[in-house]
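J.: The structure is given below, and queries will be raised subsequently.
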Amino acid sequence: MDESGTDTHGAVARVVATPAALEAIAQLIAERGPIMFFQSGGCCDGSMPMCFADGEFVIGSHDVRLGEVGGSPFYIDARQFNVWKHTQLILDVSMGEPEGFSLAAGEGRHFIIRSKVFNADDQTVLNSG
Amino acid sequence: MTLTEETVTAGTTADGTFVAPGQPGSLVDVKPRYENFVGGHWVPPVKGNYMKNISPVTGQPFTEVARSTAEDVELALDAAHAAKDAWGEASLPERAAVLNAIADAIEANLTMLAVAESWENGKPVRETLAADIPLAIDHFRYFAGATRSLEGRSTEIDKDTVAYHFHEPLGVVGQIIPFNFPLLMAAWKIAPALAAGNCTVVKPASPTPWSILKLAEVIQDVVPPGVINIVTGPGGEIGKALASSPRIAKIGFTGETTTGRLIMQYAAENLIPSTVELGGKSPNVFFADVMDEDDEFLDKAIEGLVLYAFNKGEVCTCPSRALVQESIYEKFMARCLDRIRKITQGNPLDPTTMIGAQNSAQQLEKIEGYVDIGRQEGAEVLIGGERTDLDGALKNGYYYEPTVLKGNNGMRVFQEEIFGPVLAVTTFSDEADAVRIANDTLYGLGAGVWTRNGNLAYRMGRAIKAGRVWTNCYHLYPAGAAFGGYKISGVGRENHQMMLEHYSQTKNLLVSYSTKPLGFF
């Protein structure tokens, strides 16, 4: 997937990653092995994507796998997905330490989510999929 | 002193602004670096690493704190376990005396701690002086009183058989504090844990570790060594080490939902209880009758809407969704927007400042992202919507304009906690519509209802699925009023003497006063 918002088959993706995020993911995997992402919500650093060693966070039967970023799975709570599903999540990296229990996206940096509201064409493709 | 005499408060400049911590004339001393507070002593981190602590007021680092690791958490747990038997057996008057002494020590340093917290968090000093620190003081006094009234219960099962129930301390607990009220949230967690006879290991939020260490300096002589231990560092390292430790008997956490789930996951692995408070998207409902008169109550209701900007919106219960009845929408919002225009933003250490700096660059960026989503979703920006550019030393601080977005409840800006001074406003037609919109959220922490009709207020309060419904008021946090979430806002309650139960084991002694055998064998 890339920033254009489509995956390698040209389909509309629910989650994509910027080149900076892909680089950070590759670096993390090289240093610590496989990782996973879970979209948070709520207080404080809610709305931040949380990055963990793969398997650290137990995925429940009501979580939704939005897709993959840099080969790593990206999940969200189904209830939160229901109110976020009209937007595409764009994983990026920014300065500053992560909050919560998330892994850093490199020294002194953290992952963040930017969002794009799907247009009508995207919605049609998503609904047909 | 006469009324015409110029008076300058200690630690302030001539215009009344408090001198920044660490500067000549400030009430607040700042050391170059701070160690962990463990076993009543200041203990350097095992691996010797420190991290810069930034003031959001200027965006500049002003001190360093320990960048601790799992080894430091173990040291703190060692100290807590060494102290737990003596503290657990301390009499109720002894426990209460310590809690009262903590309150007295904080009160004696109220202004200093208010300035320190403002500097580290970015919140206006008028809030820390009038709310955060006085409420923290009162919280310790409340639990000092509560512990004195702690009673077990006994039941006479039959004439010769009695079930006695005693409260026994859990032992050592772990507590993870959020950045939005570094001292008050620490008080909310520490006071009941100590009152119930437990020792605690506290992990402050990564962006706000220092003001709690200033608190430790103030209370270190009145707390028995090892009863309170504070370890600073990144959540992914020491938060996890603490929450997953088999050496704690309970974990308390305030923060976002994913870490909340992780906390409960770790608690499940160790079969211990947890309390998690995970935020909200609180509706604040204004019925048409608030405008029946142009009086003090209407003025209060207008302020009630504008309270979304309290602590720059970094409040779990921020009234971030305003639901205004259609028939008064234009007139009421005009009055509210007029009030919002009068909010003064600037140096948080200036007592006239009403809105200060967001806590971190990360938070500021998140707020910008949400306003961007809101615009994409078609929300109308009624006021604000941009970063605030300030001059001089504040130029690199994290300031955002008080913002109001008009839209509908399906938008993400109505569904997710922005944790900034951003209000999402919409209208409703009648009572049923108000209940429907208020409850159309994943969260259920706080809510507000404003009406002159007591029956309507009661029905709304009972119909809204939230742990607290402020009725004709908002953002009051008195000790003694239970606080906690419905739905995904969390599990458990704080801020009430019921916390003593949550921080205790129940010991049942089932005693027979009969000499007769059962007769089975």
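Residues are referred to by chain and number: the chain letter is A, B, ... according to the order shown in the structure tokens, the number counts from 1 in that chain, and ligands are numbered separately from 1 in the order shown.
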Per residue of chain A within 10 Å of chain B, record the nearest atom pair and its distance in Å to one decimal, counting only C-alpha atoms, with rows in chain order and ascending residue number, as a Markdown table.

T.:
```
| residue | atom | partner | partner_atom | distance |
| --- | --- | --- | --- | --- |
| A:Phe38 | CA | B:Thr258 | CA | 7.2 |
| A:Gln39 | CA | B:Thr258 | CA | 7.4 |
| A:Ser40 | CA | B:Thr258 | CA | 5.0 |
| A:Gly41 | CA | B:Thr257 | CA | 5.4 |
| A:Gly42 | CA | B:Gly279 | CA | 4.7 |
| A:Cys43 | CA | B:Gly279 | CA | 4.0 |
| A:Cys44 | CA | B:Gly255 | CA | 5.6 |
| A:Asp45 | CA | B:Glu256 | CA | 6.1 |
| A:Gly46 | CA | B:Glu256 | CA | 4.8 |
| A:Ser47 | CA | B:Glu416 | CA | 7.5 |
| A:Met48 | CA | B:Lys366 | CA | 8.2 |
| A:Pro49 | CA | B:Thr258 | CA | 9.1 |
| A:Met50 | CA | B:Thr258 | CA | 7.4 |
| A:Cys51 | CA | B:Gly236 | CA | 9.6 |
| A:Phe52 | CA | B:Gly236 | CA | 8.7 |
| A:Glu56 | CA | B:Leu262 | CA | 8.5 |
| A:Phe57 | CA | B:Leu262 | CA | 6.4 |
| A:Val58 | CA | B:Gln265 | CA | 7.5 |
| A:Ile76 | CA | B:Thr258 | CA | 9.4 |
| A:Asp77 | CA | B:Thr258 | CA | 9.1 |
| A:Arg79 | CA | B:Leu442 | CA | 7.2 |
| A:Gln80 | CA | B:Leu442 | CA | 7.5 |
| A:Val83 | CA | B:Arg412 | CA | 6.7 |
| A:Trp84 | CA | B:Arg412 | CA | 6.4 |
| A:Lys85 | CA | B:Arg412 | CA | 9.6 |
| A:His86 | CA | B:Arg412 | CA | 9.0 |
| A:Thr87 | CA | B:Ile373 | CA | 8.6 |
| A:Ser94 | CA | B:Gln362 | CA | 7.7 |
| A:Met95 | CA | B:Gln362 | CA | 7.6 |
| A:Gly96 | CA | B:Gln362 | CA | 6.6 |
| A:Glu97 | CA | B:Pro234 | CA | 8.2 |
| A:Pro98 | CA | B:Pro234 | CA | 8.1 |
| A:Glu99 | CA | B:Gly235 | CA | 6.6 |
| A:Gly100 | CA | B:Gly235 | CA | 5.4 |
| A:Phe101 | CA | B:Gly236 | CA | 3.8 |
| A:Ser102 | CA | B:Gly236 | CA | 5.5 |
| A:Leu103 | CA | B:Gly236 | CA | 6.0 |
| A:Ala104 | CA | B:Gly236 | CA | 8.5 |
| A:Arg109 | CA | B:Gln362 | CA | 9.8 |
| A:His110 | CA | B:Gln362 | CA | 8.5 |
| A:Phe111 | CA | B:Gln362 | CA | 9.8 |
| A:Ile112 | CA | B:Lys366 | CA | 8.0 |
| A:Ile113 | CA | B:Lys366 | CA | 8.3 |
| A:Arg114 | CA | B:Gly369 | CA | 6.2 |
| A:Ser115 | CA | B:Ile373 | CA | 6.5 |
| A:Lys116 | CA | B:Ile373 | CA | 6.9 |
| A:Val117 | CA | B:Gln376 | CA | 6.2 |
| A:Phe118 | CA | B:Gln376 | CA | 9.5 |
```

J.: Do a neighbour search on segment 121-135 of chain B at 7 Å with only C-alpha atoms, toss out local chain neighbours closer than 4 positions, and write the hits as a list in words.

T.: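 Close residues of segment 121-135 of chain B: Pro56, Val57, Leu110, Thr111, Ala114, Val115, Glu117, His139, Asn180, Leu184, Thr208, Asn311, Pro348, Leu349, Asp350, Pro351, Thr353, Met354, Ile355, Gly356, Ala357, Gln358 and Asn359 of chain B.
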
J.: How would the residues just picked look written out with C-alpha atoms as an mmCIF file, in the first residue's frame?

T.:
```
data_model
loop_
_atom_site.group_PDB
_atom_site.id
_atom_site.type_symbol
_atom_site.label_atom_id
_atom_site.label_comp_id
_atom_site.auth_asym_id
_atom_site.auth_seq_id
_atom_site.Cartn_x
_atom_site.Cartn_y
_atom_site.Cartn_z
ATOM 1 C CA PRO B 56 4.293 23.078 26.965
ATOM 2 C CA VAL B 57 4.219 26.771 27.877
ATOM 3 C CA LEU B 110 -0.459 25.259 47.550
ATOM 4 C CA THR B 111 0.776 28.152 45.422
ATOM 5 C CA ALA B 114 -0.083 25.236 41.518
ATOM 6 C CA VAL B 115 2.679 27.085 39.646
ATOM 7 C CA GLU B 117 1.698 21.983 37.731
ATOM 8 C CA HIS B 139 -9.330 14.515 48.628
ATOM 9 C CA ASN B 180 -4.246 16.093 32.267
ATOM 10 C CA LEU B 184 -5.377 15.712 41.319
ATOM 11 C CA THR B 208 4.055 15.117 33.364
ATOM 12 C CA ASN B 311 -8.129 22.792 31.110
ATOM 13 C CA PRO B 348 -0.647 29.970 31.824
ATOM 14 C CA LEU B 349 1.317 31.541 34.703
ATOM 15 C CA ASP B 350 -0.637 34.791 34.278
ATOM 16 C CA PRO B 351 -3.627 34.516 36.649
ATOM 17 C CA THR B 353 -5.189 33.693 31.427
ATOM 18 C CA MET B 354 -8.255 31.505 30.845
ATOM 19 C CA ILE B 355 -6.802 28.994 28.395
ATOM 20 C CA GLY B 356 -3.198 27.893 28.312
ATOM 21 C CA ALA B 357 -1.131 25.441 26.296
ATOM 22 C CA GLN B 358 -2.025 21.929 25.166
ATOM 23 C CA ASN B 359 0.085 19.399 27.016
#
```

J.: Which residues, written as a ChimeraX atom specification, have at least one atom at most 12 Å from Glu23 of chain A, with only C-alpha atoms counted and residues fewer than 2 positions away on the same chain left out?

T.: /A:17-21,25-30,69-71,91-93,105-106,111

J.: Quick one: write out the picked residues with N, CA and C atoms as a compact mmCIF listing (two decimals), in the first residue's frame?

T.:
```txt
# COMPACT_ATOMS: atom_id res chain seq x y z
N ALA A 17 -0.02 3.71 4.83
CA ALA A 17 1.10 4.27 5.60
C ALA A 17 1.92 5.19 4.71
N THR A 18 2.43 6.25 5.30
CA THR A 18 3.32 7.16 4.58
C THR A 18 4.70 6.52 4.47
N PRO A 19 5.53 7.02 3.57
CA PRO A 19 6.90 6.47 3.48
C PRO A 19 7.63 6.53 4.82
N ALA A 20 7.43 7.60 5.59
CA ALA A 20 8.11 7.71 6.89
C ALA A 20 7.63 6.61 7.84
N ALA A 21 6.34 6.32 7.80
CA ALA A 21 5.81 5.26 8.66
C ALA A 21 6.34 3.90 8.21
N ILE A 25 8.43 1.31 10.46
CA ILE A 25 7.97 -0.07 10.67
C ILE A 25 9.09 -1.05 10.32
N ALA A 26 9.74 -0.81 9.18
CA ALA A 26 10.82 -1.71 8.76
C ALA A 26 11.94 -1.72 9.79
N GLN A 27 12.23 -0.54 10.32
CA GLN A 27 13.28 -0.41 11.32
C GLN A 27 12.92 -1.18 12.60
N LEU A 28 11.67 -1.00 13.04
CA LEU A 28 11.22 -1.68 14.25
C LEU A 28 11.28 -3.20 14.08
N ILE A 29 10.83 -3.68 12.91
CA ILE A 29 10.82 -5.12 12.67
C ILE A 29 12.26 -5.65 12.66
N ALA A 30 13.17 -4.88 12.05
CA ALA A 30 14.57 -5.31 12.01
C ALA A 30 15.16 -5.39 13.41
N VAL A 69 0.00 -2.63 7.22
CA VAL A 69 0.90 -1.52 6.91
C VAL A 69 2.33 -2.03 7.04
N GLY A 70 3.08 -1.97 5.95
CA GLY A 70 4.45 -2.47 5.97
C GLY A 70 4.52 -3.93 6.40
N GLY A 71 3.49 -4.70 6.06
CA GLY A 71 3.45 -6.11 6.41
C GLY A 71 2.96 -6.40 7.81
N LEU A 91 -1.39 6.13 8.37
CA LEU A 91 -0.39 6.03 9.44
C LEU A 91 0.82 6.88 9.08
N ASP A 92 1.23 7.72 10.01
CA ASP A 92 2.38 8.59 9.76
C ASP A 92 3.23 8.63 11.03
N VAL A 93 4.31 9.37 10.96
CA VAL A 93 5.24 9.47 12.08
C VAL A 93 5.42 10.94 12.41
N ALA A 105 8.25 5.18 17.33
CA ALA A 105 8.51 5.03 15.89
C ALA A 105 9.93 5.51 15.61
N GLY A 106 10.89 4.97 16.34
CA GLY A 106 12.26 5.48 16.26
C GLY A 106 12.49 6.43 17.42
N PHE A 111 4.09 7.15 16.29
CA PHE A 111 3.15 6.98 15.18
C PHE A 111 1.93 7.86 15.43
```

J.: Asn127 of chain A: which residues within 12 Å, counting only C-alpha atoms, same-chain residues fewer than 3 positions away excluded, as JSON, numbers by chain?

T.: {"A": [11, 12, 14, 85, 86, 118, 120, 121, 122, 123, 124]}

J.: Enumerate as a PyMOL selection string all residues of segment 209-413 of chain B assigned to helix (DSSP H, G or I) by DSSP on the backbone, naming them with the chain letters and numbers the document uses.

T.: chain B and resi 210-219+235-243+257-270+288-291+296-313+326-341+361-377+392-394+412-413

J.: Check the smallest atom-to-atom distance from each of B:Phe37, B:Tyr329, B:Trp119, B:Phe428 to Ala216 of chain B using only C-alpha atoms, then report the winner.

T.: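 Closest to Ala216 of chain B, using only C-alpha atoms: B:Phe37.
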
J.: Taking only segment 39-115 of chain A into account, list the residues labelled strand (DSSP E or B) by DSSP (computed from the backbone), as a ChimeraX atom specification.

T.: /A:39,42,49-53,63-69,72-77,87-95,109-115

J.: Work out how far atom CA of Met36 of chain A is from atom CA of Leu66 of chain A, in Å to one decimal.

T.: 11.8 Å

J.: Please report the interatomic distance between atom CA of Leu170 of chain B and atom CA of Ile212 of chain B in Å with one decimal.

T.: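 If I compute the distance from atom CA of Leu170 of chain B to atom CA of Ile212 of chain B, I get 23.8 Å.
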
J.: Quote the spacing between atom CA of Asn472 of chain B and atom CA of Asp295 of chain B in Å to one decimal place.

T.: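 Going from atom CA of Asn472 of chain B over to atom CA of Asp295 of chain B, I get 14.0 Å.
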